[in-house]
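Below: final30.txt (compact mmCIF, C-alpha atoms)
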```txt
# COMPACT_ATOMS: atom_id res chain seq x y z
CA MET A 1 5.84 58.13 -14.24
CA ARG A 2 2.07 57.94 -14.51
CA ARG A 3 2.29 57.18 -18.23
CA ALA A 4 4.67 54.29 -17.59
CA ILE A 5 2.28 52.80 -15.06
CA LEU A 6 -0.66 53.18 -17.40
CA ALA A 7 1.32 51.47 -20.13
CA ILE A 8 2.29 48.61 -17.88
CA THR A 9 -1.26 47.90 -16.71
CA GLY A 10 -2.51 48.23 -20.27
CA THR A 11 -0.21 45.54 -21.52
CA ILE A 12 -1.06 42.92 -18.93
CA ALA A 13 -2.10 40.42 -21.54
CA GLY A 14 -5.60 39.20 -22.16
CA LEU A 15 -8.88 39.88 -20.50
CA ALA A 16 -8.22 38.44 -17.06
CA ALA A 17 -11.52 37.56 -15.48
CA LEU A 18 -11.24 37.80 -11.75
CA LEU A 19 -13.60 35.75 -9.71
CA SER A 20 -14.61 37.35 -6.48
CA PHE A 21 -17.03 36.00 -4.01
CA LYS A 22 -17.44 38.29 -1.10
CA SER A 23 -18.98 36.69 1.87
CA HIS A 24 -21.41 39.22 3.24
CA VAL A 25 -21.58 37.63 6.62
CA PRO A 26 -18.69 38.84 8.74
CA SER A 27 -16.79 35.67 9.46
CA ILE A 28 -13.66 36.97 11.11
CA PRO A 29 -13.85 37.15 14.87
CA THR A 30 -11.44 39.59 16.41
CA SER A 31 -8.34 37.87 17.62
CA THR A 32 -7.58 37.65 21.28
CA ALA A 33 -4.16 38.45 22.62
CA GLY A 34 -1.67 35.82 21.51
CA GLY A 35 -4.29 33.86 19.55
CA THR A 36 -5.02 33.57 15.83
CA SER A 37 -8.22 34.68 14.19
CA GLY A 38 -10.34 31.96 12.67
CA VAL A 39 -11.95 32.06 9.26
CA SER A 40 -14.73 29.54 9.09
CA SER A 41 -14.52 28.92 5.36
CA SER A 42 -10.78 29.14 4.81
CA SER A 43 -8.91 26.42 2.98
CA PRO A 44 -5.59 25.00 4.08
CA ALA A 45 -2.76 26.61 2.19
CA SER A 46 -1.84 23.36 0.52
CA GLU A 47 -5.21 23.21 -1.23
CA ALA A 48 -5.23 26.89 -2.06
CA GLY A 49 -7.42 27.82 -5.00
CA PRO A 50 -8.30 31.23 -6.35
CA GLY A 51 -10.49 32.02 -3.38
CA ALA A 52 -8.26 30.72 -0.63
CA VAL A 53 -6.84 33.03 1.92
CA VAL A 54 -4.43 32.41 4.75
CA PRO A 55 -5.45 33.93 8.03
CA THR A 56 -2.16 34.69 9.63
CA GLY A 57 -3.63 36.06 12.80
CA ASN A 58 -1.53 37.92 15.27
CA GLN A 59 1.82 36.37 14.69
CA ALA A 60 4.34 36.58 17.49
CA GLY A 61 2.23 39.27 19.12
CA THR A 62 3.52 41.93 16.74
CA LEU A 63 0.11 43.52 16.26
CA PRO A 64 -1.97 45.30 18.87
CA VAL A 65 -4.68 43.26 20.54
CA GLY A 66 -7.78 43.04 18.39
CA GLU A 67 -5.91 43.26 15.11
CA SER A 68 -5.25 40.36 12.81
CA THR A 69 -3.99 39.79 9.31
CA LEU A 70 -5.35 38.21 6.17
CA THR A 71 -2.72 37.24 3.65
CA GLY A 72 -3.68 37.01 0.02
CA GLN A 73 -2.41 34.41 -2.36
CA VAL A 74 0.68 35.24 -4.39
CA ALA A 75 -0.45 36.51 -7.79
CA ASN A 76 2.04 35.67 -10.49
CA THR A 77 2.04 38.49 -13.00
CA VAL A 78 4.25 38.80 -16.05
CA TYR A 79 6.32 41.30 -14.06
CA GLY A 80 6.80 39.03 -11.09
CA PRO A 81 4.91 37.91 -7.99
CA VAL A 82 2.62 40.24 -6.08
CA GLN A 83 1.28 39.46 -2.65
CA ILE A 84 -0.62 41.70 -0.29
CA GLN A 85 -1.69 41.38 3.30
CA LEU A 86 -4.61 43.08 4.98
CA ILE A 87 -4.42 44.24 8.56
CA MET A 88 -7.88 43.87 10.04
CA ARG A 89 -9.65 45.10 13.12
CA ASP A 90 -13.27 44.16 13.78
CA SER A 91 -13.71 42.85 10.24
CA LYS A 92 -12.51 46.15 8.78
CA ILE A 93 -9.38 46.72 6.75
CA ILE A 94 -7.24 49.24 8.58
CA ASN A 95 -4.06 48.86 6.55
CA VAL A 96 -2.46 47.00 3.69
CA SER A 97 1.04 45.58 3.45
CA ILE A 98 2.78 44.60 0.25
CA LEU A 99 4.57 41.37 1.04
CA GLN A 100 5.90 40.78 -2.45
CA MET A 101 6.16 43.09 -5.42
CA PRO A 102 8.15 42.92 -8.66
CA ASP A 103 11.65 44.20 -7.97
CA GLY A 104 13.67 42.73 -10.80
CA THR A 105 14.53 46.07 -12.32
CA ILE A 106 14.91 49.66 -11.16
CA HIS A 107 11.80 50.37 -13.20
CA ASP A 108 9.82 47.75 -11.28
CA ILE A 109 10.92 49.23 -7.99
CA GLN A 110 10.06 52.76 -9.02
CA ILE A 111 6.65 51.66 -10.20
CA GLY A 112 6.09 49.74 -6.99
CA GLN A 113 7.05 52.68 -4.84
CA PHE A 114 4.71 54.94 -6.75
CA ALA A 115 1.79 52.72 -7.60
CA PHE A 116 1.34 50.64 -4.50
CA PRO A 117 0.87 53.50 -2.04
CA VAL A 118 -1.86 54.82 -4.31
CA LEU A 119 -3.53 51.44 -4.48
CA ILE A 120 -3.36 51.15 -0.71
CA LYS A 121 -4.90 54.59 -0.31
CA GLU A 122 -7.67 53.60 -2.72
CA THR A 123 -8.31 50.44 -0.72
CA LYS A 124 -8.67 52.38 2.51
CA ALA A 125 -10.87 55.02 0.88
CA ALA A 126 -13.06 52.25 -0.48
CA GLN A 127 -13.26 50.61 2.94
CA SER A 128 -14.14 53.79 4.79
CA ALA A 129 -16.78 54.78 2.27
CA LYS A 130 -18.38 51.34 2.57
CA ILE A 131 -18.53 50.98 -1.17
CA ASP A 132 -18.93 47.83 -3.20
CA ALA A 133 -17.03 48.89 -6.33
CA VAL A 134 -14.96 51.76 -7.72
CA SER A 135 -15.50 53.43 -11.09
CA GLY A 136 -12.70 55.26 -12.85
CA ALA A 137 -9.88 53.95 -10.71
CA SER A 138 -6.55 55.04 -12.11
CA TYR A 139 -4.84 51.76 -11.42
CA THR A 140 -6.11 48.25 -11.67
CA SER A 141 -2.85 46.51 -11.32
CA ALA A 142 -3.86 42.92 -11.92
CA GLY A 143 -1.44 41.45 -9.46
CA TYR A 144 -2.45 43.78 -6.63
CA ILE A 145 -6.14 43.23 -7.22
CA GLN A 146 -5.82 39.49 -7.60
CA SER A 147 -4.07 39.15 -4.29
CA LEU A 148 -6.31 41.73 -2.59
CA GLN A 149 -9.45 40.01 -3.81
CA SER A 150 -8.23 36.66 -2.55
CA ALA A 151 -7.76 38.20 0.87
CA LEU A 152 -11.21 39.84 0.76
CA ASP A 153 -13.02 36.71 -0.37
CA HIS A 154 -13.45 35.40 3.11
CA GLY A 155 -13.20 38.60 4.99
CA LEU A 156 -15.95 41.07 4.32
CA MET B 1 -7.42 44.06 -23.82
CA GLY B 2 -5.76 44.36 -20.45
CA THR B 3 -8.94 44.81 -18.43
CA VAL B 4 -9.36 43.16 -15.07
CA VAL B 5 -12.96 42.07 -14.48
CA SER B 6 -14.33 41.22 -11.06
CA PHE B 7 -17.63 39.64 -10.09
CA ASP B 8 -19.46 40.13 -6.81
CA VAL B 9 -22.23 37.57 -6.38
CA PRO B 10 -23.28 37.50 -2.74
CA ALA B 11 -25.63 34.53 -3.11
CA TRP B 12 -22.86 32.31 -4.44
CA ALA B 13 -20.22 33.22 -1.89
CA GLY B 14 -18.07 30.25 -1.06
CA GLN B 15 -19.05 28.28 -4.14
CA ASP B 16 -16.57 26.93 -6.63
CA PRO B 17 -16.02 29.52 -9.36
CA GLU B 18 -14.61 27.00 -11.77
CA THR B 19 -17.92 25.49 -12.85
CA GLY B 20 -21.37 26.74 -13.61
CA ALA B 21 -22.69 30.16 -14.39
CA LEU B 22 -19.66 32.17 -13.33
CA ALA B 23 -17.39 30.07 -15.53
CA GLY B 24 -19.85 30.69 -18.37
CA ALA B 25 -19.62 34.44 -17.86
CA VAL B 26 -15.83 34.20 -17.88
CA ARG B 27 -15.91 32.18 -21.11
CA TRP B 28 -18.12 34.88 -22.63
CA LEU B 29 -15.57 37.56 -21.74
CA HIS B 30 -12.70 35.54 -23.21
CA TRP B 31 -14.74 35.06 -26.38
CA VAL B 32 -15.37 38.81 -26.59
CA ASP B 33 -11.64 39.44 -26.24
CA ALA B 34 -10.79 36.92 -28.96
CA THR B 35 -13.43 38.36 -31.30
CA PHE B 36 -13.29 42.08 -30.61
CA SER B 37 -9.80 42.95 -29.41
CA PRO B 38 -8.08 45.41 -31.75
CA TYR B 39 -4.79 44.20 -30.25
CA ARG B 40 -5.22 40.70 -31.62
CA ASP B 41 -4.37 40.43 -35.32
CA ASP B 42 -6.74 37.51 -35.78
CA SER B 43 -9.81 38.99 -34.07
CA ASP B 44 -12.89 39.69 -36.18
CA VAL B 45 -12.47 43.38 -35.39
CA SER B 46 -8.88 43.49 -36.65
CA ARG B 47 -9.64 41.47 -39.77
CA PHE B 48 -12.79 43.46 -40.52
CA GLY B 49 -10.85 46.66 -39.90
CA ARG B 50 -8.25 45.85 -42.53
CA GLY B 51 -10.85 44.59 -44.98
CA SER B 52 -9.95 40.93 -44.92
CA LEU B 53 -13.22 39.79 -43.34
CA ALA B 54 -16.69 40.62 -44.61
CA LEU B 55 -19.36 41.55 -42.12
CA ALA B 56 -21.53 38.69 -43.34
CA GLU B 57 -18.75 36.22 -42.50
CA SER B 58 -17.95 37.59 -39.07
CA ALA B 59 -19.60 36.84 -35.75
CA PRO B 60 -23.18 38.19 -35.85
CA GLU B 61 -22.42 40.15 -32.70
CA LEU B 62 -20.10 42.39 -34.73
CA ALA B 63 -23.01 43.63 -36.84
CA GLU B 64 -25.02 44.15 -33.66
CA VAL B 65 -22.18 46.19 -32.14
CA LEU B 66 -21.70 48.24 -35.31
CA ALA B 67 -25.39 49.13 -35.42
CA ALA B 68 -25.33 50.20 -31.78
CA CYS B 69 -22.16 52.25 -32.35
CA ALA B 70 -23.82 54.02 -35.29
CA ASP B 71 -26.73 54.99 -33.03
CA VAL B 72 -24.42 56.38 -30.34
CA SER B 73 -22.40 58.24 -32.94
CA THR B 74 -25.58 59.88 -34.24
CA VAL B 75 -26.90 60.72 -30.77
CA SER B 76 -23.52 62.19 -29.77
CA GLY B 77 -23.07 64.31 -32.87
CA GLY B 78 -20.11 62.23 -33.94
CA TYR B 79 -18.23 62.50 -30.64
CA PHE B 80 -18.48 58.73 -30.31
CA THR B 81 -16.63 57.03 -33.12
CA THR B 82 -15.57 53.53 -34.08
CA THR B 83 -12.53 54.94 -35.84
CA PRO B 84 -10.61 56.82 -33.16
CA GLY B 85 -7.38 58.03 -34.69
CA GLY B 86 -8.31 56.50 -38.04
CA ARG B 87 -8.20 52.88 -36.93
CA PHE B 88 -11.31 50.69 -36.59
CA ASP B 89 -11.85 50.13 -32.87
CA PRO B 90 -15.32 49.77 -31.32
CA SER B 91 -13.90 49.22 -27.83
CA GLY B 92 -15.66 52.33 -26.48
CA TYR B 93 -18.91 50.36 -26.82
CA VAL B 94 -17.70 46.75 -26.61
CA LYS B 95 -16.33 46.91 -23.08
CA GLY B 96 -19.57 48.08 -21.44
CA TRP B 97 -21.65 45.81 -23.68
CA ALA B 98 -19.57 42.74 -22.80
CA ILE B 99 -19.77 43.41 -19.06
CA GLU B 100 -23.51 44.07 -19.22
CA ARG B 101 -23.95 40.76 -21.07
CA ALA B 102 -21.85 38.96 -18.46
CA ALA B 103 -24.14 40.34 -15.75
CA ALA B 104 -27.18 39.18 -17.77
CA LEU B 105 -25.72 35.66 -17.91
CA LEU B 106 -25.59 35.59 -14.12
CA THR B 107 -29.19 36.83 -13.93
CA ALA B 108 -30.27 34.08 -16.33
CA ALA B 109 -28.53 31.59 -14.08
CA GLY B 110 -30.64 32.70 -11.14
CA SER B 111 -28.70 35.41 -9.33
CA ALA B 112 -30.91 38.38 -8.43
CA ARG B 113 -28.13 40.54 -6.95
CA HIS B 114 -24.63 40.97 -8.33
CA THR B 115 -22.17 43.40 -9.82
CA VAL B 116 -19.70 42.95 -12.64
CA ASN B 117 -16.87 45.46 -12.76
CA GLY B 118 -14.60 45.69 -15.77
CA GLY B 119 -11.76 48.14 -15.24
CA GLY B 120 -14.01 50.58 -13.44
CA ASP B 121 -17.18 50.27 -15.54
CA VAL B 122 -19.78 48.60 -13.38
CA GLN B 123 -23.11 46.89 -14.07
CA CYS B 124 -25.17 46.39 -10.91
CA VAL B 125 -28.10 43.99 -10.81
CA GLY B 126 -30.66 44.24 -8.01
CA GLY B 127 -29.34 45.82 -4.84
CA ARG B 128 -26.70 44.81 -2.34
CA GLY B 129 -29.31 43.15 -0.17
CA PRO B 130 -33.04 43.29 0.52
CA GLY B 131 -33.93 46.98 0.52
CA ARG B 132 -30.27 47.95 0.15
CA GLN B 133 -28.53 49.62 -2.75
CA TRP B 134 -25.17 48.94 -4.37
CA ARG B 135 -22.64 51.70 -3.58
CA VAL B 136 -20.10 52.64 -6.24
CA GLY B 137 -17.28 55.03 -5.46
CA ILE B 138 -16.00 57.32 -8.20
CA ALA B 139 -12.24 57.74 -8.21
CA HIS B 140 -11.00 61.32 -8.18
CA PRO B 141 -9.05 61.82 -11.42
CA LEU B 142 -6.71 64.43 -9.91
CA ARG B 143 -6.18 63.01 -6.41
CA PRO B 144 -4.95 59.42 -6.81
CA GLY B 145 -6.35 57.16 -4.14
CA SER B 146 -9.26 59.44 -3.23
CA LEU B 147 -12.94 59.26 -4.11
CA ALA B 148 -14.70 62.20 -5.76
CA THR B 149 -18.14 61.00 -4.76
CA VAL B 150 -20.20 57.86 -4.13
CA VAL B 151 -23.32 56.84 -6.06
CA SER B 152 -25.94 54.38 -4.86
CA GLY B 153 -28.62 52.54 -6.76
CA ARG B 154 -30.34 49.33 -7.80
CA ASP B 155 -30.26 47.84 -11.30
CA PHE B 156 -27.98 50.56 -12.60
CA ALA B 157 -24.66 51.02 -14.35
CA VAL B 158 -21.76 53.40 -13.74
CA ALA B 159 -19.17 54.23 -16.39
CA THR B 160 -16.31 56.72 -16.08
CA SER B 161 -14.04 58.12 -18.79
CA GLY B 162 -11.15 60.32 -17.92
CA ILE B 163 -7.51 61.26 -17.99
CA ALA B 164 -6.63 58.53 -15.52
CA GLU B 165 -8.09 55.85 -17.76
CA ARG B 166 -5.72 53.19 -18.95
CA GLY B 167 -5.04 52.85 -22.61
CA PRO B 168 -4.75 55.42 -25.38
CA HIS B 169 -6.01 58.92 -24.80
CA ILE B 170 -9.56 59.57 -25.90
CA ILE B 171 -9.32 61.64 -29.06
CA ASP B 172 -11.81 64.34 -29.98
CA PRO B 173 -12.91 63.06 -33.41
CA HIS B 174 -13.62 66.59 -34.61
CA THR B 175 -10.15 67.95 -33.90
CA GLY B 176 -8.04 64.81 -33.95
CA GLN B 177 -6.44 65.92 -30.70
CA PRO B 178 -6.64 64.36 -27.22
CA ALA B 179 -9.75 65.55 -25.39
CA GLU B 180 -8.74 67.91 -22.61
CA GLY B 181 -11.89 69.71 -21.54
CA LEU B 182 -12.61 67.47 -18.56
CA ALA B 183 -10.53 65.47 -16.11
CA SER B 184 -13.24 62.82 -15.90
CA ILE B 185 -16.93 62.27 -16.50
CA THR B 186 -19.13 59.56 -15.03
CA VAL B 187 -22.40 58.53 -16.67
CA VAL B 188 -25.07 56.66 -14.72
CA GLY B 189 -27.96 54.81 -16.36
CA ALA B 190 -29.67 51.46 -16.53
CA SER B 191 -27.46 49.85 -19.16
CA LEU B 192 -23.66 49.74 -19.02
CA ALA B 193 -23.35 49.40 -22.81
CA ALA B 194 -25.04 52.78 -23.24
CA ALA B 195 -23.45 54.41 -20.19
CA ASP B 196 -19.94 53.39 -21.28
CA ALA B 197 -20.41 54.65 -24.84
CA TYR B 198 -22.00 57.89 -23.62
CA ALA B 199 -19.17 58.44 -21.13
CA THR B 200 -16.62 57.99 -23.90
CA ALA B 201 -18.47 60.46 -26.14
CA ALA B 202 -19.04 62.89 -23.28
CA PHE B 203 -15.36 62.94 -22.36
CA ALA B 204 -14.44 63.73 -25.97
CA MET B 205 -17.08 66.49 -25.93
CA GLY B 206 -15.67 68.32 -22.91
CA PRO B 207 -17.76 71.02 -21.18
CA ALA B 208 -20.52 70.69 -23.80
CA ALA B 209 -21.23 67.25 -22.35
CA ARG B 210 -23.27 68.79 -19.54
CA ASP B 211 -26.10 69.99 -21.77
CA TRP B 212 -25.82 66.88 -23.90
CA VAL B 213 -26.30 64.40 -21.03
CA GLU B 214 -29.15 66.57 -19.68
CA SER B 215 -30.84 65.92 -23.01
CA LEU B 216 -30.46 62.15 -22.71
CA SER B 217 -33.41 60.60 -20.92
CA GLY B 218 -32.52 57.98 -18.35
CA HIS B 219 -28.92 59.13 -17.89
CA GLU B 220 -27.19 61.47 -15.47
CA ALA B 221 -23.58 62.61 -15.25
CA PHE B 222 -20.98 63.82 -12.78
CA ALA B 223 -17.78 65.47 -14.02
CA VAL B 224 -14.51 66.77 -12.62
CA THR B 225 -12.91 69.64 -14.51
CA PRO B 226 -9.14 70.02 -15.01
CA ASP B 227 -8.98 72.60 -12.18
CA GLY B 228 -10.58 70.14 -9.76
CA ALA B 229 -14.09 71.61 -9.67
CA ALA B 230 -17.09 69.36 -10.23
CA TRP B 231 -20.48 69.62 -11.88
CA GLN B 232 -23.41 67.26 -12.20
CA THR B 233 -26.60 67.03 -14.25
CA SER B 234 -29.87 68.03 -12.62
CA GLY B 235 -31.08 64.51 -11.84
CA PHE B 236 -27.76 63.18 -10.55
CA LYS B 237 -28.59 63.91 -6.93
CA ALA B 238 -31.01 60.98 -6.98
CA PHE B 239 -27.95 58.73 -6.92
CA LEU B 240 -26.20 60.41 -4.01
CA GLY B 241 -26.41 59.35 -0.38
```
Output the structure of this file as structure tokens.
Amino acid sequence: MRRAILAITGTIAGLAALLSFKSHVPSIPTSTAGGTSGVSSSSPASEAGPGAVVPTGNQAGTLPVGESTLTGQVANTVYGPVQIQLIMRDSKIINVSILQMPDGTIHDIQIGQFAFPVLIKETKAAQSAKIDAVSGASYTSAGYIQSLQSALDHGL
Amino acid sequence: MGTVVSFDVPAWAGQDPETGALAGAVRWLHWVDATFSPYRDDSDVSRFGRGSLALAESAPELAEVLAACADVSTVSGGYFTTTPGGRFDPSGYVKGWAIERAAALLTAAGSARHTVNGGGDVQCVGGRGPGRQWRVGIAHPLRPGSLATVVSGRDFAVATSGIAERGPHIIDPHTGQPAEGLASITVVGASLAAADAYATAAFAMGPAARDWVESLSGHEAFAVTPDGAAWQTSGFKAFLG
């Protein structure tokens, strides 16, 4: 299974340059019960560019108080759309949801079920270690990273 | 070549990435891909490799890369090669070199602090902030999702070669077989072009890489062995904590 994933990420065509601007001033206030968190530099979804992120806040009160979500843009990969969502507390990522992943074939689904949990674990390890970059990561699934980066742009 | 590159430029946070210096760095990377990718039939590397393009007629950067590769091959006792598996492919040097150049473009444009990360090979310029270092986690090759260690520094580069790396296996040029002596090795130094090439050579070398990197001034290494143990060169601790 690992070989198949390595082959898939290796064939994502071209050298995709990913533009990431991390704001180093925490700009996400913690959400209050029933409210939405504000992101001072966010763009409306209709004008979304590579750096835009949609703060989705605490929708319908489904998250505990103090937690909010940041939803990344949909990244359209050759295998299908990928979209991730960060669950935040106090400007820290505490969990990651995959809102959309390629599911057109059994193979896609198997890869998603195997690869995405690893990517999520890597994200949380990176967060807790307060690191700025990772060397030697086993997966750099372009779609996951593109959507994750768009969520991080305004967040951390 | 299937690499995802990310840029972290704190001073330009919130600015439009489509114009200016960052766009220039992106154009540079696309040009490198078009010129050096062994997966593109029409790249200078592919045409030179099959003998249909003379060095004198190719991009001058190709000669520069070949000269640098020859030096690394000599220094590594032939463990770094531009003909892995018999095919001309200088990617073991080109990737780090291209990312280091991209970082230099941002420096020339006025950024004093940034990182450029291409598929896990990272060039850091300055520190994360005044008096602060950049922190780079090293993925554990045997425990997906976990970090083996974290290195910190200013104006330094981190390159890792290992079994979890995407793309073809790294071949030991002396045996023709996939290198299996290490699960991963990370080389730290000032220049990513050198660190990346040395990491590639060191991984092909296996356990002998420890003494070899000790002999290289200005570079330190951290390795994970196939049984999950780790070793590091004597100066590596300067990058920890």
Chain A proximity check over B:Arg135, B:Arg154, B:Arg47, B:His140, using all atoms listed in the file: winner is B:Arg135
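Straight-line separation from CA of Thr82 (chain B) to CA of Thr35 (chain B): 15.6 Å.
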Please provide as a list in words all residues within 9 Å of Gly176 (chain B), with the sequence filter that same-chain residues fewer than 4 positions apart are discarded (counting only C-alpha atoms).
Pro84, Gly85, Ile171 and Asp172 of chain B
If we count only C-alpha atoms, what is near Ile98 (chain A) at a cut-off of 9 Å, once residues fewer than 6 positions away on the same chain are taken out, given as a VMD selection string?
chain A and resid 82 to 86 116 144
Length of the CA of Val134 (chain A) to CA of Thr19 (chain B) vector [Å]:
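Interatomic distance, CA of Val134 (chain A) to CA of Thr19 (chain B): 26.9 Å.
The smallest atom-to-atom distance between Gly145 (chain B) and any of A:Val118, A:Ile93, A:Ala126, A:Ile87, using all atoms listed in the file, is found for A:Val118.
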Rank B:Ala13, B:Ala104, B:Ala59, B:Ala67 by their smallest atom-to-atom distance to Ala25 (chain B), using all atoms listed in the file, and report the top residue only.
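Smallest distance to Ala25 (chain B) is found for B:Ala104.
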Do a neighbour search on Leu66 (chain B) at 10 Å with only C-alpha atoms, toss out local chain neighbours closer than 4 positions, and write the hits as a PyMOL selection string.
chain B and resi 55+61-62+70-72+82+90+93-94
Within-9 Å shell of (-20.0, 38.3, -10.4) in input frame, all atoms listed in the file, as number ranges by chain
A: 18-21; B: 5-10, 12, 22, 25, 102-103, 106, 114-117
If you keep C-alpha atoms, can you produce a file of those selected residues as an mmCIF file, in the frame of the given file?
```cif
data_model
loop_
_atom_site.group_PDB
_atom_site.id
_atom_site.type_symbol
_atom_site.label_atom_id
_atom_site.label_comp_id
_atom_site.auth_asym_id
_atom_site.auth_seq_id
_atom_site.Cartn_x
_atom_site.Cartn_y
_atom_site.Cartn_z
ATOM 1 C CA LEU A 18 -11.240 37.800 -11.750
ATOM 2 C CA LEU A 19 -13.600 35.750 -9.710
ATOM 3 C CA SER A 20 -14.610 37.350 -6.480
ATOM 4 C CA PHE A 21 -17.030 36.000 -4.010
ATOM 5 C CA VAL B 5 -12.960 42.070 -14.480
ATOM 6 C CA SER B 6 -14.330 41.220 -11.060
ATOM 7 C CA PHE B 7 -17.630 39.640 -10.090
ATOM 8 C CA ASP B 8 -19.460 40.130 -6.810
ATOM 9 C CA VAL B 9 -22.230 37.570 -6.380
ATOM 10 C CA PRO B 10 -23.280 37.500 -2.740
ATOM 11 C CA TRP B 12 -22.860 32.310 -4.440
ATOM 12 C CA LEU B 22 -19.660 32.170 -13.330
ATOM 13 C CA ALA B 25 -19.620 34.440 -17.860
ATOM 14 C CA ALA B 102 -21.850 38.960 -18.460
ATOM 15 C CA ALA B 103 -24.140 40.340 -15.750
ATOM 16 C CA LEU B 106 -25.590 35.590 -14.120
ATOM 17 C CA HIS B 114 -24.630 40.970 -8.330
ATOM 18 C CA THR B 115 -22.170 43.400 -9.820
ATOM 19 C CA VAL B 116 -19.700 42.950 -12.640
ATOM 20 C CA ASN B 117 -16.870 45.460 -12.760
#
```
Tell me, in Å to one decimal, how far CA of Arg87 (chain B) is from CA of Val65 (chain B).
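If I compute the distance from CA of Arg87 (chain B) to CA of Val65 (chain B), I get 16.2 Å.
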Restricting the calculation to all atoms listed in the file: of B:Phe48, B:Phe203, B:Tyr79, B:Trp134, which residue gets closest to chain A?
B:Trp134
Neighbours of Ala157 (chain B) within 6 Å (all atoms listed in the file; same-chain residues fewer than 3 positions away dropped), as an MDAnalysis selection string?
chainID B and resid 122:124 188:192
Residue nearest Ala159 (chain B) among B:Ser52, B:Ser217, B:Thr200, B:Thr233 (counting all atoms listed in the file)
B:Thr200
9 Å contact set for Val150 (chain B), only C-alpha atoms, chain neighbours under 2 positions out, as a VMD selection string:
(chain A and resid 129 131 134) or (chain B and resid 135 to 139 147 to 148 152 239 to 241)
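Nearest to Leu63 (chain A) of all the residues A:Thr105, A:Asn76, A:Ile120, A:Asn95 is A:Asn95, based on only C-alpha atoms.
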